[in-house]
>>> print(open('run.pdb').read())   # PDB, C-alpha atoms, pLDDT in the B column
ATOM      1  CA  ALA A   1     221.503-142.776 -14.938  1.00 71.00           C
ATOM      2  CA  ILE A   2     221.695-144.578 -18.285  1.00 72.00           C
ATOM      3  CA  ALA A   3     224.952-146.204 -17.128  1.00 74.00           C
ATOM      4  CA  GLY A   4     223.106-147.412 -14.035  1.00 74.00           C
ATOM      5  CA  ALA A   5     220.208-148.748 -16.090  1.00 72.00           C
ATOM      6  CA  LEU A   6     222.533-150.571 -18.485  1.00 68.00           C
ATOM      7  CA  SER A   7     224.907-151.983 -15.862  1.00 74.00           C
ATOM      8  CA  GLY A   8     222.563-152.452 -12.910  1.00 75.00           C
ATOM      9  CA  ASP A   9     225.194-150.792 -10.705  1.00 77.00           C
ATOM     10  CA  ARG A  10     223.495-148.346  -8.323  1.00 87.00           C
ATOM     11  CA  LYS A  11     226.685-146.315  -7.877  1.00 91.00           C
ATOM     12  CA  TYR A  12     225.850-144.586 -11.170  1.00 90.00           C
ATOM     13  CA  PHE A  13     222.502-143.440  -9.817  1.00 94.00           C
ATOM     14  CA  ASP A  14     224.256-142.159  -6.696  1.00 93.00           C
ATOM     15  CA  MET A  15     226.690-140.235  -8.883  1.00 95.00           C
ATOM     16  CA  ALA A  16     223.907-138.781 -11.026  1.00 94.00           C
ATOM     17  CA  ALA A  17     222.000-137.566  -7.964  1.00 96.00           C
ATOM     18  CA  ARG A  18     225.144-136.070  -6.405  1.00 96.00           C
ATOM     19  CA  HIS A  19     225.949-134.213  -9.606  1.00 95.00           C
ATOM     20  CA  PHE A  20     222.416-132.850  -9.938  1.00 95.00           C
ATOM     21  CA  PHE A  21     222.273-131.557  -6.362  1.00 96.00           C
ATOM     22  CA  TYR A  22     225.722-129.991  -6.731  1.00 95.00           C
ATOM     23  CA  MET A  23     224.707-128.177  -9.926  1.00 94.00           C
ATOM     24  CA  GLN A  24     221.403-127.146  -8.403  1.00 94.00           C
ATOM     25  CA  LYS A  25     223.279-125.362  -5.597  1.00 94.00           C
ATOM     26  CA  ILE A  26     225.387-123.472  -8.116  1.00 93.00           C
ATOM     27  CA  VAL A  27     222.807-122.512 -10.730  1.00 95.00           C
ATOM     28  CA  GLY A  28     219.377-123.151  -9.211  1.00 96.00           C
ATOM     29  CA  ARG A  29     217.249-120.099  -8.487  1.00 96.00           C
ATOM     30  CA  PRO A  30     214.691-119.910  -5.656  1.00 95.00           C
ATOM     31  CA  ASP A  31     211.871-119.498  -8.209  1.00 96.00           C
ATOM     32  CA  GLY A  32     212.599-122.905  -9.781  1.00 96.00           C
ATOM     33  CA  LEU A  33     214.369-121.623 -12.906  1.00 98.00           C
ATOM     34  CA  TYR A  34     218.095-122.069 -13.555  1.00 97.00           C
ATOM     35  CA  ARG A  35     220.701-119.426 -14.210  1.00 94.00           C
ATOM     36  CA  HIS A  36     223.180-120.438 -16.888  1.00 89.00           C
ATOM     37  CA  GLN A  37     226.158-119.679 -14.651  1.00 85.00           C
ATOM     38  CA  ALA A  38     226.889-118.279 -11.228  1.00 82.00           C
ATOM     39  CA  SER A  39     227.895-114.758 -12.312  1.00 82.00           C
ATOM     40  CA  THR A  40     224.369-113.738 -13.371  1.00 87.00           C
ATOM     41  CA  ASP A  41     220.777-114.644 -12.579  1.00 91.00           C
ATOM     42  CA  ALA A  42     219.881-114.683 -16.299  1.00 93.00           C
ATOM     43  CA  ALA A  43     217.642-117.686 -16.986  1.00 96.00           C
ATOM     44  CA  TRP A  44     218.949-118.446 -20.483  1.00 95.00           C
ATOM     45  CA  GLY A  45     216.439-120.483 -22.496  1.00 95.00           C
ATOM     46  CA  ARG A  46     218.766-123.280 -23.573  1.00 94.00           C
ATOM     47  CA  GLY A  47     220.353-123.098 -20.113  1.00 94.00           C
ATOM     48  CA  ASN A  48     216.948-124.139 -18.761  1.00 97.00           C
ATOM     49  CA  GLY A  49     216.377-126.636 -21.535  1.00 97.00           C
ATOM     50  CA  PHE A  50     219.448-128.653 -20.545  1.00 95.00           C
ATOM     51  CA  PRO A  51     218.416-129.290 -16.909  1.00 96.00           C
ATOM     52  CA  ALA A  52     214.794-129.844 -17.961  1.00 97.00           C
ATOM     53  CA  LEU A  53     215.663-132.485 -20.539  1.00 96.00           C
ATOM     54  CA  GLY A  54     218.581-133.925 -18.566  1.00 95.00           C
ATOM     55  CA  LEU A  55     216.558-134.477 -15.420  1.00 96.00           C
ATOM     56  CA  ALA A  56     213.610-135.895 -17.392  1.00 96.00           C
ATOM     57  CA  LEU A  57     215.907-138.465 -18.996  1.00 94.00           C
ATOM     58  CA  THR A  58     217.591-139.195 -15.668  1.00 95.00           C
ATOM     59  CA  LEU A  59     214.304-139.779 -13.877  1.00 96.00           C
ATOM     60  CA  THR A  60     213.122-142.077 -16.652  1.00 93.00           C
ATOM     61  CA  ASN A  61     215.936-144.499 -15.799  1.00 92.00           C
ATOM     62  CA  PHE A  62     216.179-143.770 -12.066  1.00 95.00           C
ATOM     63  CA  PRO A  63     214.989-146.433  -9.590  1.00 95.00           C
ATOM     64  CA  LYS A  64     211.900-145.293  -7.717  1.00 95.00           C
ATOM     65  CA  ASP A  65     213.175-146.957  -4.530  1.00 95.00           C
ATOM     66  CA  HIS A  66     216.372-144.859  -4.512  1.00 95.00           C
ATOM     67  CA  LEU A  67     216.533-142.472  -1.549  1.00 96.00           C
ATOM     68  CA  ASP A  68     217.109-139.469  -3.839  1.00 97.00           C
ATOM     69  CA  TYR A  69     214.247-140.204  -6.243  1.00 97.00           C
ATOM     70  CA  PRO A  70     211.622-138.101  -4.385  1.00 97.00           C
ATOM     71  CA  ALA A  71     213.906-135.050  -4.240  1.00 97.00           C
ATOM     72  CA  LEU A  72     214.858-135.364  -7.921  1.00 97.00           C
ATOM     73  CA  LEU A  73     211.223-135.683  -8.932  1.00 97.00           C
ATOM     74  CA  ALA A  74     210.251-132.689  -6.779  1.00 97.00           C
ATOM     75  CA  ALA A  75     213.019-130.607  -8.389  1.00 97.00           C
ATOM     76  CA  PHE A  76     211.806-131.619 -11.854  1.00 98.00           C
ATOM     77  CA  GLN A  77     208.204-130.718 -11.009  1.00 97.00           C
ATOM     78  CA  LYS A  78     209.235-127.377  -9.527  1.00 98.00           C
ATOM     79  CA  HIS A  79     211.216-126.544 -12.665  1.00 98.00           C
ATOM     80  CA  MET A  80     208.352-127.535 -14.972  1.00 98.00           C
ATOM     81  CA  ASN A  81     205.924-125.446 -12.925  1.00 98.00           C
ATOM     82  CA  ALA A  82     208.252-122.434 -13.107  1.00 98.00           C
ATOM     83  CA  LEU A  83     208.711-122.824 -16.861  1.00 98.00           C
ATOM     84  CA  ALA A  84     204.975-123.235 -17.498  1.00 98.00           C
ATOM     85  CA  GLN A  85     204.434-119.638 -16.374  1.00 97.00           C
ATOM     86  CA  PHE A  86     206.569-118.270 -19.221  1.00 98.00           C
ATOM     87  CA  GLN A  87     205.325-119.857 -22.447  1.00 98.00           C
ATOM     88  CA  ASP A  88     204.426-117.009 -24.779  1.00 96.00           C
ATOM     89  CA  GLU A  89     201.216-116.587 -26.759  1.00 94.00           C
ATOM     90  CA  ASN A  90     202.794-118.289 -29.792  1.00 94.00           C
ATOM     91  CA  GLY A  91     203.786-121.430 -27.869  1.00 97.00           C
ATOM     92  CA  MET A  92     207.477-120.536 -27.507  1.00 98.00           C
ATOM     93  CA  PHE A  93     209.814-120.027 -24.572  1.00 98.00           C
ATOM     94  CA  ARG A  94     212.081-116.991 -24.743  1.00 97.00           C
ATOM     95  CA  GLU A  95     215.841-116.778 -25.183  1.00 96.00           C
ATOM     96  CA  VAL A  96     215.921-115.452 -21.602  1.00 96.00           C
ATOM     97  CA  ILE A  97     212.959-117.288 -20.097  1.00 98.00           C
ATOM     98  CA  ASP A  98     211.605-114.606 -17.764  1.00 97.00           C
ATOM     99  CA  TYR A  99     212.554-111.491 -19.736  1.00 96.00           C
ATOM    100  CA  PRO A 100     209.532-110.201 -21.707  1.00 92.00           C
ATOM    101  CA  GLY A 101     211.643-108.463 -24.377  1.00 90.00           C
ATOM    102  CA  ALA A 102     213.731-111.522 -25.263  1.00 96.00           C
ATOM    103  CA  TYR A 103     213.001-113.279 -28.547  1.00 96.00           C
ATOM    104  CA  PRO A 104     211.185-116.646 -28.728  1.00 97.00           C
ATOM    105  CA  GLU A 105     213.903-119.311 -28.964  1.00 97.00           C
ATOM    106  CA  TYR A 106     213.732-122.576 -30.927  1.00 97.00           C
ATOM    107  CA  SER A 107     216.156-124.964 -29.188  1.00 97.00           C
ATOM    108  CA  GLY A 108     215.117-124.211 -25.606  1.00 97.00           C
ATOM    109  CA  THR A 109     211.459-124.565 -26.559  1.00 98.00           C
ATOM    110  CA  SER A 110     212.165-127.978 -28.110  1.00 98.00           C
ATOM    111  CA  MET A 111     214.035-129.199 -25.024  1.00 98.00           C
ATOM    112  CA  ILE A 112     211.459-127.922 -22.542  1.00 98.00           C
ATOM    113  CA  ALA A 113     208.566-129.436 -24.502  1.00 98.00           C
ATOM    114  CA  THR A 114     210.396-132.775 -24.667  1.00 97.00           C
ATOM    115  CA  ALA A 115     210.859-132.729 -20.897  1.00 97.00           C
ATOM    116  CA  MET A 116     207.185-131.915 -20.409  1.00 96.00           C
ATOM    117  CA  MET A 117     206.283-134.897 -22.609  1.00 94.00           C
ATOM    118  CA  ARG A 118     207.083-136.977 -19.525  1.00 89.00           C
ATOM    119  CA  ILE A 119     203.473-136.361 -18.506  1.00 87.00           C
ATOM    120  CA  ARG A 120     203.027-139.962 -19.644  1.00 86.00           C
ATOM    121  CA  GLN A 121     205.125-141.031 -16.627  1.00 90.00           C
ATOM    122  CA  GLY A 122     202.507-139.554 -14.308  1.00 92.00           C
ATOM    123  CA  TRP A 123     204.878-136.863 -13.034  1.00 94.00           C
ATOM    124  CA  LEU A 124     202.899-133.894 -14.369  1.00 95.00           C
ATOM    125  CA  ASP A 125     199.238-132.979 -14.644  1.00 95.00           C
ATOM    126  CA  PRO A 126     198.187-133.600 -18.275  1.00 94.00           C
ATOM    127  CA  SER A 127     195.453-130.956 -18.124  1.00 96.00           C
ATOM    128  CA  ILE A 128     198.145-128.315 -17.536  1.00 96.00           C
ATOM    129  CA  TYR A 129     201.134-129.615 -19.467  1.00 96.00           C
ATOM    130  CA  GLN A 130     199.659-131.308 -22.558  1.00 95.00           C
ATOM    131  CA  PRO A 131     198.343-127.989 -23.931  1.00 96.00           C
ATOM    132  CA  ILE A 132     201.789-126.435 -23.325  1.00 97.00           C
ATOM    133  CA  VAL A 133     203.456-129.272 -25.267  1.00 96.00           C
ATOM    134  CA  ASP A 134     200.870-129.031 -28.060  1.00 96.00           C
ATOM    135  CA  ARG A 135     201.407-125.271 -28.460  1.00 97.00           C
ATOM    136  CA  ALA A 136     205.196-125.689 -28.377  1.00 98.00           C
ATOM    137  CA  TRP A 137     205.182-128.423 -31.033  1.00 97.00           C
ATOM    138  CA  LYS A 138     202.998-126.353 -33.371  1.00 97.00           C
ATOM    139  CA  ALA A 139     205.315-123.377 -32.826  1.00 97.00           C
ATOM    140  CA  ILE A 140     208.382-125.492 -33.650  1.00 97.00           C
ATOM    141  CA  LEU A 141     206.720-126.845 -36.799  1.00 96.00           C
ATOM    142  CA  SER A 142     205.903-123.328 -37.975  1.00 96.00           C
ATOM    143  CA  ARG A 143     209.550-122.292 -37.472  1.00 96.00           C
ATOM    144  CA  THR A 144     211.030-125.204 -39.418  1.00 96.00           C
ATOM    145  CA  ALA A 145     211.399-124.740 -43.177  1.00 95.00           C
ATOM    146  CA  PRO A 146     211.092-127.717 -45.578  1.00 93.00           C
ATOM    147  CA  ASP A 147     214.790-127.311 -46.509  1.00 94.00           C
ATOM    148  CA  GLY A 148     215.936-127.565 -42.863  1.00 92.00           C
ATOM    149  CA  ARG A 149     216.357-123.874 -42.102  1.00 94.00           C
ATOM    150  CA  LEU A 150     215.265-122.963 -38.587  1.00 94.00           C
ATOM    151  CA  PHE A 151     213.926-119.720 -37.197  1.00 93.00           C
ATOM    152  CA  ASP A 152     215.479-118.168 -34.043  1.00 95.00           C
ATOM    153  CA  VAL A 153     217.979-120.636 -32.615  1.00 93.00           C
ATOM    154  CA  ALA A 154     220.180-118.834 -30.075  1.00 91.00           C
ATOM    155  CA  GLU A 155     223.845-118.777 -30.975  1.00 87.00           C
ATOM    156  CA  SER A 156     226.335-120.232 -28.511  1.00 85.00           C
ATOM    157  CA  THR A 157     227.218-118.339 -25.383  1.00 76.00           C
ATOM    158  CA  GLY A 158     230.254-118.483 -23.124  1.00 70.00           C
ATOM    159  CA  THR A 159     230.111-119.326 -19.446  1.00 67.00           C
ATOM    160  CA  ARG A 160     232.315-116.726 -17.759  1.00 63.00           C
ATOM    161  CA  GLY A 161     231.464-113.257 -16.571  1.00 62.00           C
ATOM    162  CA  LEU A 162     228.335-112.757 -18.641  1.00 81.00           C
ATOM    163  CA  THR A 163     225.648-110.255 -17.702  1.00 84.00           C
ATOM    164  CA  LEU A 164     221.945-110.229 -18.523  1.00 86.00           C
ATOM    165  CA  LYS A 165     222.731-107.848 -21.416  1.00 88.00           C
ATOM    166  CA  ASP A 166     225.218-110.367 -22.814  1.00 87.00           C
ATOM    167  CA  TYR A 167     222.501-113.017 -22.932  1.00 87.00           C
ATOM    168  CA  LEU A 168     219.990-110.647 -24.487  1.00 88.00           C
ATOM    169  CA  ARG A 169     222.527-109.801 -27.224  1.00 87.00           C
ATOM    170  CA  ARG A 170     222.891-113.427 -28.345  1.00 83.00           C
ATOM    171  CA  GLY A 171     222.104-113.550 -32.024  1.00 85.00           C
ATOM    172  CA  ALA A 172     219.195-115.561 -33.407  1.00 90.00           C
ATOM    173  CA  ILE A 173     220.281-117.998 -36.115  1.00 89.00           C
ATOM    174  CA  LEU A 174     217.976-118.047 -39.140  1.00 88.00           C
ATOM    175  CA  ASP A 175     219.460-121.019 -40.956  1.00 89.00           C
ATOM    176  CA  ARG A 176     220.290-124.689 -40.510  1.00 91.00           C
ATOM    177  CA  ASP A 177     221.651-125.350 -37.041  1.00 89.00           C
ATOM    178  CA  PRO A 178     222.729-128.742 -35.666  1.00 87.00           C
ATOM    179  CA  ARG A 179     221.722-127.930 -32.071  1.00 87.00           C
ATOM    180  CA  GLY A 180     218.293-126.637 -32.904  1.00 91.00           C
ATOM    181  CA  GLY A 181     217.682-129.416 -35.406  1.00 92.00           C
ATOM    182  CA  ALA A 182     218.789-132.118 -32.986  1.00 93.00           C
ATOM    183  CA  PHE A 183     216.565-130.895 -30.171  1.00 95.00           C
ATOM    184  CA  ALA A 184     213.578-130.606 -32.515  1.00 94.00           C
ATOM    185  CA  MET A 185     214.221-134.168 -33.725  1.00 95.00           C
ATOM    186  CA  ILE A 186     214.246-135.421 -30.125  1.00 94.00           C
ATOM    187  CA  LEU A 187     210.886-133.731 -29.563  1.00 95.00           C
ATOM    188  CA  ALA A 188     209.540-135.123 -32.854  1.00 94.00           C
ATOM    189  CA  THR A 189     210.683-138.629 -31.886  1.00 93.00           C
ATOM    190  CA  GLU A 190     208.934-138.348 -28.508  1.00 90.00           C
ATOM    191  CA  ILE A 191     205.722-137.261 -30.179  1.00 89.00           C
ATOM    192  CA  ALA A 192     205.940-139.919 -32.904  1.00 88.00           C
ATOM    193  CA  SER A 193     206.490-142.641 -30.302  1.00 83.00           C
ATOM    194  CA  LEU A 194     203.087-141.828 -28.833  1.00 75.00           C
ATOM    195  CA  GLY A 195     201.364-141.884 -32.190  1.00 69.00           C
ATOM    196  CA  VAL A 196     200.049-138.363 -31.669  1.00 64.00           C
ATOM    197  CA  ASP A 197     198.659-136.799 -34.854  1.00 67.00           C
ATOM    198  CA  TYR A 198     199.139-133.063 -35.178  1.00 62.00           C
TER     199      TYR A 198
END
>>> encode(input="run.pdb", output="structure tokens")
Amino acid sequence: AIAGALSGDRKYFDMAARHFFYMQKIVGRPDGLYRHQASTDAAWGRGNGFPALGLALTLTNFPKDHLDYPALLAAFQKHMNALAQFQDENGMFREVIDYPGAYPEYSGTSMIATAMMRIRQGWLDPSIYQPIVDRAWKAILSRTAPDGRLFDVAESTGTRGLTLKDYLRRGAILDRDPRGGAFAMILATEIASLGVDY
């Protein structure tokens, strides 16, 4: 969608919508969450962070008069609604979103909160989603050390033949991590751009 916004060529928006709907058929779940890959229904945290953040950024640049805009927005809202049910008491989203025993995960939480920051676009109800974002940001701050070490960033996972147990066994990184740090910086930039004081 950024290519479409920069060039003014609507074919890029068509391509973005086609790609989203194709991926949704492969990894979308009926409950609104996303499985990381087709071989398991495991709703990996970062595997939900990517479509949450990706679709939020796409919609930001997507023309409202495009025929696919309503369906993309509805998919985004359904995903946000599904995710909102699973924020834990500490403000985090888990390494496997809907699995109560999974650990709270840093990078997915950062991505999901950034996507939910699009409440300013009028896509989400602020009375529901602003408190979720606020809790997530405070949780991320409390898991970020002054020297850049992060607490509970899921290690990388493959994409072939994994089971739920394979996702639950993903180690939690307790150190500096470029993925976790980058996603937290994106969230911090979103918050700073609004002048919100935490």
>>> closest_residue(input="run.pdb", among="A:Ala16, A:Ile173, A:Leu141, A:Ala52", to="A:Lys78", atoms="all atoms listed in the file")
A:Ala52
>>> residues_around(input="run.pdb", residues="stretch 18-35 of chain A", least_positions_apart="5", cutoff="10 Å", atoms="only C-alpha atoms", output="ChimeraX atom specification")
/A:12-13,40-45,47-52,54-55,58,68,71-72,75-83,96-98
>>> atom_distance(input="run.pdb", atom1="atom CA of A:Arg46", atom2="atom CA of A:Thr109")
8.0 Å
>>> atom_distance(input="run.pdb", atom1="atom CA of A:Lys11", atom2="atom CA of A:Leu73")
18.8 Å
>>> closest_residue(input="run.pdb", among="A:Tyr106, A:Phe93, A:Tyr69, A:Phe62", to="A:Pro178", atoms="all atoms listed in the file")
A:Tyr106
>>> atom_distance(input="run.pdb", atom1="atom CA of A:Ile132", atom2="atom CA of A:Phe183")
16.9 Å
>>> closest_residue(input="run.pdb", among="A:Met111, A:Ala38, A:Arg149, A:Ile191", to="A:Gln130", atoms="all atoms listed in the file")
A:Ile191
>>> closest_residue(input="run.pdb", among="A:Gln37, A:Leu164, A:Arg120, A:Thr60", to="A:Ala1", atoms="all atoms listed in the file")
A:Thr60
>>> closest_residue(input="run.pdb", among="A:Gly148, A:Gly8, A:Gly181, A:Gly91", to="A:Arg135", atoms="all atoms listed in the file")
A:Gly91
>>> closest_residue(input="run.pdb", among="A:Asp14, A:Asp175, A:Asp134, A:Glu155", to="A:Ser110", atoms="only C-alpha atoms")
A:Asp134
